[in-house]
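Data block below; observations after.
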Amino acid sequence: MTDAPDVSVVVPYYERPDHLERLVAGLDAQTLDPSRFELVVADDGSAVPPTVSPRAYAVRVVSQPDLGFRAAAARNLGARSSRGDVVAFVDQDCVPAPEYLERMLAATTGEWSLTVGHRLHAELDGLTGDATLAWLRGAGPAPTVLPEPRWLLDAYSRTDGLTRDDPRSYQLVISATLTVHRALLTRIGGFDESLTRYGGEDWDLGHRALVAGADTRWLEDAVVWHDGADLPSRTGWQEAKNRETLALASRVPDRDLRGEHLTWRVPDVVVRLRRGGSDAADTAGTTGTADDVAVTLAAESLLRGTDARVWLDGPVPEGLEDPRLHEGPVPADVLGRAGWLVDADVAVLTGTTLRRLVDSAPLRVPGLWVRSTRDENRSARGVEVREPATSLPAGVGLTAVPPSTVLERWWQSREPS
């Protein structure tokens, strides 16, 4: 067997040989030496399987049965069938500019690397492979260039090219021009194959990669040309966008996707509540075993007005039927998607909600530690993260529940909300 290439180009494909012809022309024009990359076409069950004639680089075609739209599964199939340490996903309706692979490979250097290229739009329909190659080499006419989405450019600017943490950075991860180290792709489990409608699988993967602590970057000069305009310029885009939003709502805990007042299995905030006290802040918090009354009041205060769930290191108080309360460890898939992690001793949070308190994170005081799951994971692998604040915001407190508390009287004494 020949040596593995440095980068594997994985293309999900379905019944568009004209698209594939243009994309292959783009690969033929690459400045990266052809011995350093391969093409893997992952066919999603086309009636007529795709064919690619021999090239200067290695080519293979793999396929899966036609069971409906399964682009996520096709990408995973292509990645599993590829050999490079770096996997470059490019959609079939795209054409990479000549320097694309060379620049993306140079930027995707570590096992935690995720790099997004610069997607531009043009009218490519009707271009043959030869015409595409001539255009890319400056020997033929260029296609009509279409407007670039302003919101994307603004977002890349706001995040310093995906290098500055932002709660919606996942929306800037685009599968049409996504390069990721195989180690990171394996660590987060690839694309979610349960997403079987158009759109969203790239945002979902981007969110999980960011939570895991990936090193992300956008390369403005690594260009992929997309055939046609961005989604909002297409007929019927609203229906497709709504389907995508509803599919992502259960997976990505962002108010943009799930609103304010619904309950989800994967919360934005994971709370680990210690019934017997803990060393959450490396100092003494609540001591002794908290009784059911104190746990009930603490949990209520932490859940109030927040997309959160609470996991207890002991039994849930008898009679409490709130589905957001759990006994035992937090499931790994929940930790892999939740935005915030809170370790808390049994005390009542006053003067704010956890939803507002995460705006002050990272925060570490006796009995309470609030940080993003991304910071938690990056810190665990030795990456320097922000130092936590060591005092609560003005007007915010943690109140111990007296042993003789009567629940009914406690609730009766509160100010109306």
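Just remember, in the structure tokens the first chain shown is A, the second B, etc., residues are 1-based per chain, and ligands are 1-based in the order shown.
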| message | Taking 4 positions as the minimum chain separation for residues in the same chain, which residues sit within 8 Å of A:Trp218 when counting only C-alpha atoms? Answer as an MDAnalysis selection string. | response | chainID A and resid 115:118 156 161:163
Just to be explicit: take each residue in the selection above, keep N, CA, C and O atoms, and write the result as an mmCIF file, in the first residue's frame.
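And here's selection19.cif as it stands now:
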```cif
data_model
loop_
_atom_site.group_PDB
_atom_site.id
_atom_site.type_symbol
_atom_site.label_atom_id
_atom_site.label_comp_id
_atom_site.auth_asym_id
_atom_site.auth_seq_id
_atom_site.Cartn_x
_atom_site.Cartn_y
_atom_site.Cartn_z
ATOM 1 N N THR A 115 -10.837 23.838 10.794
ATOM 2 C CA THR A 115 -10.632 25.021 9.967
ATOM 3 C C THR A 115 -11.783 25.161 8.978
ATOM 4 O O THR A 115 -12.179 24.185 8.330
ATOM 5 N N VAL A 116 -12.309 26.365 8.868
ATOM 6 C CA VAL A 116 -13.389 26.664 7.924
ATOM 7 C C VAL A 116 -12.827 27.576 6.837
ATOM 8 O O VAL A 116 -12.146 28.561 7.126
ATOM 9 N N GLY A 117 -13.101 27.223 5.600
ATOM 10 C CA GLY A 117 -12.669 28.047 4.488
ATOM 11 C C GLY A 117 -13.666 29.148 4.177
ATOM 12 O O GLY A 117 -14.674 29.342 4.870
ATOM 13 N N HIS A 118 -13.382 29.872 3.112
ATOM 14 C CA HIS A 118 -14.187 31.037 2.721
ATOM 15 C C HIS A 118 -15.087 30.640 1.554
ATOM 16 O O HIS A 118 -14.622 30.460 0.429
ATOM 17 N N TYR A 156 -17.624 36.418 11.219
ATOM 18 C CA TYR A 156 -16.199 36.067 11.221
ATOM 19 C C TYR A 156 -15.366 37.228 11.749
ATOM 20 O O TYR A 156 -14.356 37.025 12.427
ATOM 21 N N GLY A 161 -12.110 35.738 13.116
ATOM 22 C CA GLY A 161 -11.875 34.563 12.285
ATOM 23 C C GLY A 161 -11.986 33.261 13.042
ATOM 24 O O GLY A 161 -11.177 32.329 12.857
ATOM 25 N N LEU A 162 -12.999 33.166 13.912
ATOM 26 C CA LEU A 162 -13.289 31.958 14.692
ATOM 27 C C LEU A 162 -12.230 31.662 15.746
ATOM 28 O O LEU A 162 -12.136 30.520 16.210
ATOM 29 N N THR A 163 -11.442 32.637 16.134
ATOM 30 C CA THR A 163 -10.443 32.418 17.176
ATOM 31 C C THR A 163 -10.869 32.979 18.526
ATOM 32 O O THR A 163 -10.219 32.732 19.532
#
```
Which polymer residues have any atom within 8 Å of an atom of A:Val62, counting only C-alpha atoms, with same-chain residues fewer than 6 positions away left out, as a PDB file with C-alpha atoms, in the first residue's frame?
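So part_6.pdb came out as:
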```pdb
ATOM      1  CA  VAL A  40     -13.111  10.034  -1.632  1.00  0.00           C
ATOM      2  CA  VAL A  41     -16.570  10.342  -3.195  1.00  0.00           C
ATOM      3  CA  ALA A  42     -19.238   9.098  -0.776  1.00  0.00           C
ATOM      4  CA  ASP A  43     -22.333   8.260  -2.810  1.00  0.00           C
ATOM      5  CA  LEU A  77     -18.645   6.870   5.414  1.00  0.00           C
ATOM      6  CA  GLY A  78     -16.227   8.897   3.331  1.00  0.00           C
ATOM      7  CA  SER A  81     -12.844   5.172   4.042  1.00  0.00           C
TER       8      SER A  81
END
```
| Looking at A:Ala222, A:Arg187, A:Leu195, A:Leu120, which one is nearest to A:Gln30, with distances taken over only C-alpha atoms? |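 Closest to A:Gln30, using only C-alpha atoms: A:Ala222.
Of the listed residues A:Leu246, A:Val9, A:Cys94, A:Ala122, the one whose atoms come nearest to A:Val61 is A:Val9, with distances taken using only C-alpha atoms.
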| task | Write down as a list in words the residues of stretch 336-371 of chain A whose backbone DSSP state falls under strand (DSSP E or B). | result |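 DSSP on the backbone gives strand (DSSP E or B) at Trp340, Leu341, Val342, Asp343, Ala344, Asp345, Val348, Leu349, Thr350, Leu363, Arg364, Val365, Leu368, Trp369, Val370 and Arg371 of chain A.
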Residue selection dump (all heavy atoms) as a tab-separated table (two decimals), in the first residue's frame:
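Output contents, as saved in again.tsv:
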```
chain	number	residue	atom	x	y	z
A	340	TRP	N	-22.91	25.08	29.51
A	340	TRP	CA	-22.37	25.53	30.79
A	340	TRP	C	-22.39	24.41	31.80
A	340	TRP	O	-23.29	23.56	31.80
A	340	TRP	CB	-23.17	26.72	31.33
A	340	TRP	CG	-23.19	27.87	30.38
A	340	TRP	CD1	-24.14	28.13	29.42
A	340	TRP	CD2	-22.20	28.90	30.25
A	340	TRP	NE1	-23.80	29.26	28.71
A	340	TRP	CE2	-22.61	29.75	29.20
A	340	TRP	CE3	-21.02	29.19	30.92
A	340	TRP	CZ2	-21.89	30.87	28.81
A	340	TRP	CZ3	-20.29	30.31	30.54
A	340	TRP	CH2	-20.72	31.14	29.50
A	341	LEU	N	-21.41	24.45	32.69
A	341	LEU	CA	-21.29	23.44	33.75
A	341	LEU	C	-21.23	24.17	35.09
A	341	LEU	O	-20.41	25.08	35.27
A	341	LEU	CB	-20.04	22.60	33.54
A	341	LEU	CG	-19.75	21.50	34.57
A	341	LEU	CD1	-20.90	20.49	34.59
A	341	LEU	CD2	-18.42	20.82	34.25
A	342	VAL	N	-22.08	23.74	36.02
A	342	VAL	CA	-22.14	24.35	37.34
A	342	VAL	C	-22.01	23.26	38.40
A	342	VAL	O	-22.75	22.27	38.37
A	342	VAL	CB	-23.48	25.10	37.54
A	342	VAL	CG1	-23.58	25.65	38.97
A	342	VAL	CG2	-23.61	26.22	36.52
A	343	ASP	N	-21.05	23.43	39.32
A	343	ASP	CA	-20.97	22.59	40.51
A	343	ASP	C	-21.46	23.43	41.68
A	343	ASP	O	-20.97	24.56	41.90
A	343	ASP	CB	-19.54	22.12	40.75
A	343	ASP	CG	-19.13	21.02	39.78
A	343	ASP	OD1	-19.92	20.08	39.60
A	343	ASP	OD2	-18.03	21.11	39.19
A	344	ALA	N	-22.41	22.89	42.43
A	344	ALA	CA	-23.02	23.69	43.50
A	344	ALA	C	-23.24	22.86	44.74
A	344	ALA	O	-23.61	21.68	44.66
A	344	ALA	CB	-24.35	24.28	43.02
A	345	ASP	N	-23.02	23.49	45.89
A	345	ASP	CA	-23.47	22.93	47.15
A	345	ASP	C	-24.93	23.29	47.35
A	345	ASP	O	-25.49	24.11	46.62
A	345	ASP	CB	-22.63	23.48	48.31
A	345	ASP	CG	-21.19	23.00	48.27
A	345	ASP	OD1	-20.88	22.11	47.46
A	345	ASP	OD2	-20.37	23.54	49.04
A	348	VAL	N	-29.59	28.19	48.39
A	348	VAL	CA	-30.55	28.87	47.52
A	348	VAL	C	-29.87	30.05	46.85
A	348	VAL	O	-29.31	30.93	47.51
A	348	VAL	CB	-31.78	29.32	48.32
A	348	VAL	CG1	-32.71	30.14	47.44
A	348	VAL	CG2	-32.51	28.12	48.90
A	349	LEU	N	-29.91	30.07	45.52
A	349	LEU	CA	-29.39	31.19	44.75
A	349	LEU	C	-30.42	32.31	44.77
A	349	LEU	O	-31.57	32.13	44.38
A	349	LEU	CB	-29.11	30.75	43.31
A	349	LEU	CG	-28.61	31.84	42.34
A	349	LEU	CD1	-27.22	32.33	42.76
A	349	LEU	CD2	-28.58	31.30	40.92
A	350	THR	N	-29.99	33.50	45.21
A	350	THR	CA	-30.91	34.63	45.31
A	350	THR	C	-30.40	35.81	44.48
A	350	THR	O	-29.20	35.94	44.24
A	350	THR	CB	-31.07	35.08	46.78
A	350	THR	OG1	-29.80	35.51	47.28
A	350	THR	CG2	-31.61	33.96	47.63
A	363	LEU	N	-16.91	31.86	37.11
A	363	LEU	CA	-17.14	32.36	38.45
A	363	LEU	C	-16.92	31.22	39.43
A	363	LEU	O	-17.47	30.13	39.26
A	363	LEU	CB	-18.57	32.90	38.56
A	363	LEU	CG	-19.08	33.23	39.95
A	363	LEU	CD1	-18.38	34.47	40.49
A	363	LEU	CD2	-20.59	33.45	39.92
A	364	ARG	N	-16.10	31.47	40.46
A	364	ARG	CA	-15.82	30.42	41.44
A	364	ARG	C	-15.78	31.03	42.83
A	364	ARG	O	-14.87	31.79	43.17
A	364	ARG	CB	-14.50	29.72	41.12
A	364	ARG	CG	-14.32	28.41	41.84
A	364	ARG	CD	-13.13	27.66	41.28
A	364	ARG	NE	-13.07	26.31	41.79
A	364	ARG	CZ	-12.16	25.41	41.42
A	364	ARG	NH1	-11.24	25.74	40.52
A	364	ARG	NH2	-12.17	24.20	41.94
A	365	VAL	N	-16.80	30.70	43.63
A	365	VAL	CA	-16.90	31.17	45.00
A	365	VAL	C	-17.21	29.96	45.87
A	365	VAL	O	-17.57	28.90	45.36
A	365	VAL	CB	-18.01	32.24	45.13
A	365	VAL	CG1	-17.70	33.46	44.28
A	365	VAL	CG2	-19.38	31.66	44.77
A	368	LEU	N	-20.02	27.33	44.86
A	368	LEU	CA	-20.56	27.51	43.50
A	368	LEU	C	-19.42	27.74	42.52
A	368	LEU	O	-18.56	28.59	42.74
A	368	LEU	CB	-21.51	28.71	43.46
A	368	LEU	CG	-22.26	28.94	42.14
A	368	LEU	CD1	-23.30	27.84	41.92
A	368	LEU	CD2	-22.92	30.31	42.14
A	369	TRP	N	-19.44	26.95	41.44
A	369	TRP	CA	-18.43	27.08	40.39
A	369	TRP	C	-19.15	27.04	39.05
A	369	TRP	O	-19.79	26.05	38.71
A	369	TRP	CB	-17.41	25.95	40.50
A	369	TRP	CG	-16.27	26.02	39.53
A	369	TRP	CD1	-15.91	27.07	38.74
A	369	TRP	CD2	-15.32	24.99	39.27
A	369	TRP	NE1	-14.81	26.76	37.98
A	369	TRP	CE2	-14.42	25.48	38.29
A	369	TRP	CE3	-15.13	23.70	39.75
A	369	TRP	CZ2	-13.36	24.72	37.79
A	369	TRP	CZ3	-14.09	22.94	39.26
A	369	TRP	CH2	-13.21	23.46	38.29
A	370	VAL	N	-19.08	28.14	38.29
A	370	VAL	CA	-19.77	28.28	37.01
A	370	VAL	C	-18.73	28.50	35.92
A	370	VAL	O	-17.93	29.42	36.00
A	370	VAL	CB	-20.76	29.47	37.04
A	370	VAL	CG1	-21.54	29.55	35.73
A	370	VAL	CG2	-21.70	29.36	38.23
A	371	ARG	N	-18.76	27.67	34.88
A	371	ARG	CA	-17.85	27.85	33.74
A	371	ARG	C	-18.48	27.22	32.52
A	371	ARG	O	-19.41	26.41	32.62
A	371	ARG	CB	-16.46	27.27	33.99
A	371	ARG	CG	-16.38	25.75	34.07
A	371	ARG	CD	-16.77	25.24	35.43
A	371	ARG	NE	-16.34	23.88	35.68
A	371	ARG	CZ	-16.85	23.10	36.63
A	371	ARG	NH1	-17.85	23.55	37.38
A	371	ARG	NH2	-16.38	21.89	36.83
```
| message | Set the distance at 9 Å and use only C-alpha atoms: which residues neighbour A:Ser169 once local chain neighbours fewer than 5 positions away are removed? I'd like the list as a list of chain:residue names. | response | A:Ala155, A:Tyr156, A:Thr159, A:Leu162, A:Arg164, A:Trp203, A:Gly206, A:His207, A:Leu210
Output of the above residues as a PDB file, in the first residue's frame, restricted to N, CA and C atoms:
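Output file part_27.pdb follows:
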```
ATOM      1  N   ALA A 155     -19.939  38.026  11.233  1.00  0.00           N
ATOM      2  CA  ALA A 155     -19.689  37.080  12.328  1.00  0.00           C
ATOM      3  C   ALA A 155     -18.230  36.645  12.377  1.00  0.00           C
ATOM      4  N   TYR A 156     -17.624  36.418  11.219  1.00  0.00           N
ATOM      5  CA  TYR A 156     -16.199  36.067  11.221  1.00  0.00           C
ATOM      6  C   TYR A 156     -15.366  37.228  11.749  1.00  0.00           C
ATOM      7  N   THR A 159     -15.699  37.381  15.617  1.00  0.00           N
ATOM      8  CA  THR A 159     -14.983  36.309  16.315  1.00  0.00           C
ATOM      9  C   THR A 159     -13.505  36.251  15.955  1.00  0.00           C
ATOM     10  N   LEU A 162     -12.999  33.166  13.912  1.00  0.00           N
ATOM     11  CA  LEU A 162     -13.289  31.958  14.692  1.00  0.00           C
ATOM     12  C   LEU A 162     -12.230  31.662  15.746  1.00  0.00           C
ATOM     13  N   ARG A 164     -11.949  33.759  18.554  1.00  0.00           N
ATOM     14  CA  ARG A 164     -12.457  34.321  19.804  1.00  0.00           C
ATOM     15  C   ARG A 164     -13.767  33.625  20.154  1.00  0.00           C
ATOM     16  N   TRP A 203     -23.709  22.624  11.609  1.00  0.00           N
ATOM     17  CA  TRP A 203     -23.830  23.404  12.837  1.00  0.00           C
ATOM     18  C   TRP A 203     -23.755  22.493  14.065  1.00  0.00           C
ATOM     19  N   GLY A 206     -20.196  21.433  14.491  1.00  0.00           N
ATOM     20  CA  GLY A 206     -19.433  22.582  14.959  1.00  0.00           C
ATOM     21  C   GLY A 206     -19.670  22.855  16.431  1.00  0.00           C
ATOM     22  N   HIS A 207     -20.922  22.749  16.869  1.00  0.00           N
ATOM     23  CA  HIS A 207     -21.236  22.977  18.279  1.00  0.00           C
ATOM     24  C   HIS A 207     -20.516  21.960  19.159  1.00  0.00           C
ATOM     25  N   LEU A 210     -16.776  22.664  19.334  1.00  0.00           N
ATOM     26  CA  LEU A 210     -16.477  23.815  20.183  1.00  0.00           C
ATOM     27  C   LEU A 210     -16.599  23.453  21.659  1.00  0.00           C
TER      28      LEU A 210
END
```
| Test item: residues at most 8 Å from A:Trp264, only C-alpha atoms, excluding those fewer than 2 positions along its chain, as a list of chain:residue names | A:Ser250, A:Leu262, A:Val266, A:Pro267, A:Asp307
| query | Between A:Pro362, A:Gly199, A:Gly129, A:Pro98, which has the minimum distance to A:Arg22 (counting only C-alpha atoms)? | reply |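 Closest to A:Arg22 of all the choices is A:Gly129.
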| Selected residue of minimal separation from A:Ala294 among A:Val401, A:Leu320, A:Val95, A:Ala29, counting only C-alpha atoms |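 Checking each of A:Val401, A:Leu320, A:Val95, A:Ala29 against A:Ala294, counting only C-alpha atoms, the winner is A:Val401.
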| message | Measuring between only C-alpha atoms, which one of A:Ser35, A:Ser53, A:Thr373, A:Gln92 shows the shortest distance to A:Ala332? | response | A:Thr373
Please provide as a compact mmCIF listing (two decimals) with all heavy atoms, in the first residue's frame all residues within 10 Å of A:Asp66, with the sequence filter that same-chain residues fewer than 5 positions apart are discarded (counting only C-alpha atoms).
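The result, stored in result.txt:
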```txt
# COMPACT_ATOMS: atom_id res chain seq x y z
N TYR A 14 -24.77 12.88 -4.65
CA TYR A 14 -26.05 12.26 -5.03
C TYR A 14 -26.48 12.77 -6.40
O TYR A 14 -26.91 13.92 -6.56
CB TYR A 14 -27.14 12.56 -4.00
CG TYR A 14 -28.43 11.80 -4.28
CD1 TYR A 14 -28.51 10.43 -4.05
CD2 TYR A 14 -29.54 12.45 -4.76
CE1 TYR A 14 -29.68 9.72 -4.30
CE2 TYR A 14 -30.72 11.77 -5.02
CZ TYR A 14 -30.79 10.40 -4.80
OH TYR A 14 -31.95 9.71 -5.06
N ASP A 43 -21.06 8.22 -2.09
CA ASP A 43 -22.33 8.26 -2.81
C ASP A 43 -23.48 7.88 -1.88
O ASP A 43 -23.47 6.83 -1.24
CB ASP A 43 -22.27 7.30 -3.99
CG ASP A 43 -23.57 7.25 -4.75
OD1 ASP A 43 -24.24 8.29 -4.84
OD2 ASP A 43 -23.92 6.16 -5.26
N ASP A 44 -24.51 8.73 -1.84
CA ASP A 44 -25.68 8.52 -0.99
C ASP A 44 -26.76 7.73 -1.72
O ASP A 44 -27.94 8.06 -1.66
CB ASP A 44 -26.21 9.87 -0.52
CG ASP A 44 -27.24 9.76 0.60
OD1 ASP A 44 -27.34 8.68 1.22
OD2 ASP A 44 -27.96 10.76 0.85
N GLY A 45 -26.36 6.69 -2.45
CA GLY A 45 -27.32 5.78 -3.06
C GLY A 45 -27.85 6.23 -4.40
O GLY A 45 -29.03 5.97 -4.73
N SER A 46 -27.01 6.86 -5.22
CA SER A 46 -27.46 7.30 -6.55
C SER A 46 -27.87 6.10 -7.41
O SER A 46 -27.29 5.02 -7.32
CB SER A 46 -26.32 8.05 -7.26
OG SER A 46 -25.96 9.20 -6.55
N ALA A 47 -28.90 6.31 -8.26
CA ALA A 47 -29.32 5.26 -9.18
C ALA A 47 -28.18 4.87 -10.12
O ALA A 47 -28.00 3.70 -10.47
CB ALA A 47 -30.54 5.70 -9.96
```
| message | I'd like the contact shell of A:Val252 - 12 Å cut-off, only C-alpha atoms, skipping same-chain residues fewer than 5 positions apart - returned as a ChimeraX atom specification. | response | /A:167-171,200-211,244-247,257-259,264-269,307,333-339
Can you write out the residues you just picked, keeping N, CA, C and O atoms, as a compact mmCIF listing (two decimals), in the first residue's frame?
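Ended up saving to again_29.txt:
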```txt
# COMPACT_ATOMS: atom_id res chain seq x y z
N PRO A 167 -20.86 32.63 21.67
CA PRO A 167 -21.88 31.59 21.89
C PRO A 167 -22.48 31.03 20.60
O PRO A 167 -23.06 29.94 20.63
N ARG A 168 -22.32 31.74 19.49
CA ARG A 168 -22.92 31.25 18.25
C ARG A 168 -21.87 30.96 17.17
O ARG A 168 -22.16 30.97 15.98
N SER A 169 -20.65 30.68 17.61
CA SER A 169 -19.59 30.33 16.65
C SER A 169 -19.95 29.08 15.84
O SER A 169 -19.50 28.92 14.71
N TYR A 170 -20.76 28.20 16.43
CA TYR A 170 -21.13 26.98 15.71
C TYR A 170 -21.82 27.29 14.39
O TYR A 170 -21.75 26.50 13.43
N GLN A 171 -22.49 28.45 14.31
CA GLN A 171 -23.21 28.82 13.09
C GLN A 171 -22.25 29.18 11.95
O GLN A 171 -22.68 29.35 10.81
N GLY A 200 -28.10 21.59 8.76
CA GLY A 200 -27.97 21.52 10.21
C GLY A 200 -26.89 20.60 10.72
O GLY A 200 -26.40 20.79 11.84
N GLU A 201 -26.49 19.61 9.93
CA GLU A 201 -25.50 18.67 10.45
C GLU A 201 -24.14 19.30 10.66
O GLU A 201 -23.37 18.88 11.52
N ASP A 202 -23.85 20.36 9.90
CA ASP A 202 -22.57 21.05 10.11
C ASP A 202 -22.60 21.91 11.37
O ASP A 202 -21.64 21.93 12.14
N TRP A 203 -23.71 22.62 11.61
CA TRP A 203 -23.83 23.40 12.84
C TRP A 203 -23.76 22.49 14.06
O TRP A 203 -23.14 22.84 15.07
N ASP A 204 -24.40 21.35 13.98
CA ASP A 204 -24.38 20.40 15.10
C ASP A 204 -22.96 19.92 15.37
O ASP A 204 -22.49 19.90 16.51
N LEU A 205 -22.23 19.53 14.33
CA LEU A 205 -20.86 19.09 14.51
C LEU A 205 -20.00 20.23 15.03
O LEU A 205 -19.16 20.04 15.93
N GLY A 206 -20.20 21.43 14.49
CA GLY A 206 -19.43 22.58 14.96
C GLY A 206 -19.67 22.86 16.43
O GLY A 206 -18.73 23.14 17.18
N HIS A 207 -20.92 22.75 16.87
CA HIS A 207 -21.24 22.98 18.28
C HIS A 207 -20.52 21.96 19.16
O HIS A 207 -19.88 22.33 20.17
N ARG A 208 -20.58 20.69 18.80
CA ARG A 208 -19.93 19.65 19.61
C ARG A 208 -18.41 19.82 19.61
O ARG A 208 -17.74 19.57 20.63
N ALA A 209 -17.85 20.23 18.49
CA ALA A 209 -16.40 20.44 18.43
C ALA A 209 -15.99 21.60 19.34
O ALA A 209 -14.98 21.53 20.05
N LEU A 210 -16.78 22.66 19.33
CA LEU A 210 -16.48 23.81 20.18
C LEU A 210 -16.60 23.45 21.66
O LEU A 210 -15.74 23.82 22.47
N VAL A 211 -17.65 22.73 22.02
CA VAL A 211 -17.80 22.29 23.41
C VAL A 211 -16.62 21.41 23.83
O VAL A 211 -16.09 21.54 24.94
N GLU A 244 -34.82 22.71 9.76
CA GLU A 244 -33.47 22.66 10.31
C GLU A 244 -33.46 23.12 11.77
O GLU A 244 -32.86 22.48 12.64
N THR A 245 -34.14 24.23 12.05
CA THR A 245 -34.17 24.77 13.40
C THR A 245 -34.78 23.77 14.38
O THR A 245 -34.25 23.54 15.47
N LEU A 246 -35.90 23.16 14.00
CA LEU A 246 -36.55 22.20 14.89
C LEU A 246 -35.70 20.96 15.10
O LEU A 246 -35.69 20.37 16.18
N ALA A 247 -34.97 20.55 14.07
CA ALA A 247 -34.08 19.40 14.22
C ALA A 247 -32.92 19.70 15.15
O ALA A 247 -32.48 18.85 15.93
N LEU A 257 -32.41 28.81 18.66
CA LEU A 257 -32.96 27.60 18.06
C LEU A 257 -34.13 27.01 18.84
O LEU A 257 -34.95 26.30 18.26
N ARG A 258 -34.19 27.26 20.14
CA ARG A 258 -35.21 26.57 20.95
C ARG A 258 -36.10 27.49 21.77
O ARG A 258 -36.90 27.01 22.58
N GLY A 259 -35.97 28.78 21.60
CA GLY A 259 -36.85 29.68 22.32
C GLY A 259 -36.46 29.78 23.79
O GLY A 259 -35.32 29.51 24.18
N TRP A 264 -35.88 20.62 27.45
CA TRP A 264 -35.15 19.75 26.54
C TRP A 264 -34.28 18.78 27.32
O TRP A 264 -33.81 19.09 28.41
N ARG A 265 -34.04 17.63 26.72
CA ARG A 265 -33.19 16.63 27.38
C ARG A 265 -31.78 17.17 27.56
O ARG A 265 -31.14 16.94 28.59
N VAL A 266 -31.25 17.85 26.55
CA VAL A 266 -29.93 18.48 26.66
C VAL A 266 -30.14 19.94 27.03
O VAL A 266 -30.61 20.73 26.21
N PRO A 267 -29.79 20.32 28.26
CA PRO A 267 -29.99 21.71 28.67
C PRO A 267 -28.81 22.58 28.27
O PRO A 267 -27.74 22.10 27.92
N ASP A 268 -29.02 23.88 28.37
CA ASP A 268 -27.91 24.81 28.19
C ASP A 268 -26.97 24.74 29.39
O ASP A 268 -25.74 24.81 29.25
N VAL A 269 -27.55 24.59 30.59
CA VAL A 269 -26.76 24.59 31.83
C VAL A 269 -26.93 23.25 32.54
O VAL A 269 -28.05 22.84 32.86
N ASP A 307 -32.66 27.42 31.21
CA ASP A 307 -32.66 26.15 30.48
C ASP A 307 -31.61 25.26 31.13
O ASP A 307 -30.45 25.22 30.72
N ASP A 333 -23.24 12.24 26.61
CA ASP A 333 -23.73 12.97 25.44
C ASP A 333 -24.34 14.31 25.83
O ASP A 333 -24.32 15.26 25.04
N VAL A 334 -24.85 14.43 27.05
CA VAL A 334 -25.35 15.72 27.53
C VAL A 334 -24.19 16.67 27.78
O VAL A 334 -24.21 17.83 27.36
N LEU A 335 -23.14 16.18 28.45
CA LEU A 335 -21.96 17.01 28.67
C LEU A 335 -21.30 17.41 27.36
O LEU A 335 -20.64 18.45 27.28
N GLY A 336 -21.47 16.58 26.33
CA GLY A 336 -20.87 16.87 25.03
C GLY A 336 -21.62 17.92 24.24
O GLY A 336 -21.14 18.35 23.17
N ARG A 337 -22.77 18.39 24.75
CA ARG A 337 -23.56 19.38 24.02
C ARG A 337 -23.93 20.59 24.89
O ARG A 337 -24.18 21.67 24.34
N ALA A 338 -24.01 20.43 26.18
CA ALA A 338 -24.43 21.53 27.06
C ALA A 338 -23.42 22.67 26.99
O ALA A 338 -22.22 22.46 26.78
N GLY A 339 -23.91 23.88 27.18
CA GLY A 339 -23.04 25.05 27.06
C GLY A 339 -22.31 25.41 28.34
O GLY A 339 -21.21 25.97 28.30
```
| said: Restricting the calculation to only C-alpha atoms: of A:Ala240, A:Gly26, A:Phe37, A:Gly397, which residue gets closest to A:Ala134? | reply: A:Gly26
| All residues 8 Å or closer to A:Asp85, only C-alpha atoms, same chain fewer than 5 positions away omitted, as a list in words | Pro5, Asp6, Val7, Ser8, His181, Arg182 and Ala183 of chain A
| query | So how many Å separate atom CA of A:Val52 and atom CA of A:Asp93, to one decimal? | reply |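 That distance, rounded to one decimal, is 15.6 Å.
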For the contact check between stretch 25-96 of chain A and stretch 105-109 of chain A, emit one row per residue of stretch 25-96 of chain A within 12 Å, containing the shortest atom pair and the distance in Å rounded to one decimal, counting only C-alpha atoms, chain then rising number order, as a Markdown table.
```
| residue | atom | partner | partner_atom | distance |
| --- | --- | --- | --- | --- |
| A:Thr31 | CA | A:Leu105 | CA | 11.8 |
| A:Leu32 | CA | A:Leu105 | CA | 9.2 |
| A:Asp33 | CA | A:Leu105 | CA | 11.9 |
| A:Arg36 | CA | A:Leu105 | CA | 10.0 |
| A:Phe37 | CA | A:Leu105 | CA | 9.9 |
| A:Gly84 | CA | A:Leu105 | CA | 10.8 |
| A:Asp85 | CA | A:Thr109 | CA | 9.8 |
| A:Val86 | CA | A:Thr108 | CA | 7.3 |
| A:Val87 | CA | A:Leu105 | CA | 9.2 |
| A:Ala88 | CA | A:Leu105 | CA | 8.6 |
```
Take the residues just selected and output them with C-alpha atoms as a PDB file, in the first residue's frame.
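And here's part.pdb as it stands now:
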```pdb
ATOM      1  CA  THR A  31      -1.263  23.820  -6.062  1.00  0.00           C
ATOM      2  CA  LEU A  32      -0.807  21.079  -3.442  1.00  0.00           C
ATOM      3  CA  ASP A  33       1.213  18.193  -4.860  1.00  0.00           C
ATOM      4  CA  ARG A  36      -0.340  14.636  -0.812  1.00  0.00           C
ATOM      5  CA  PHE A  37      -4.105  14.335  -1.191  1.00  0.00           C
ATOM      6  CA  GLY A  84      -5.289  11.149   5.620  1.00  0.00           C
ATOM      7  CA  ASP A  85      -4.753  12.547   9.097  1.00  0.00           C
ATOM      8  CA  VAL A  86      -6.643  15.627   7.907  1.00  0.00           C
ATOM      9  CA  VAL A  87     -10.115  15.343   6.376  1.00  0.00           C
ATOM     10  CA  ALA A  88     -11.332  18.124   4.060  1.00  0.00           C
TER      11      ALA A  88
END
```
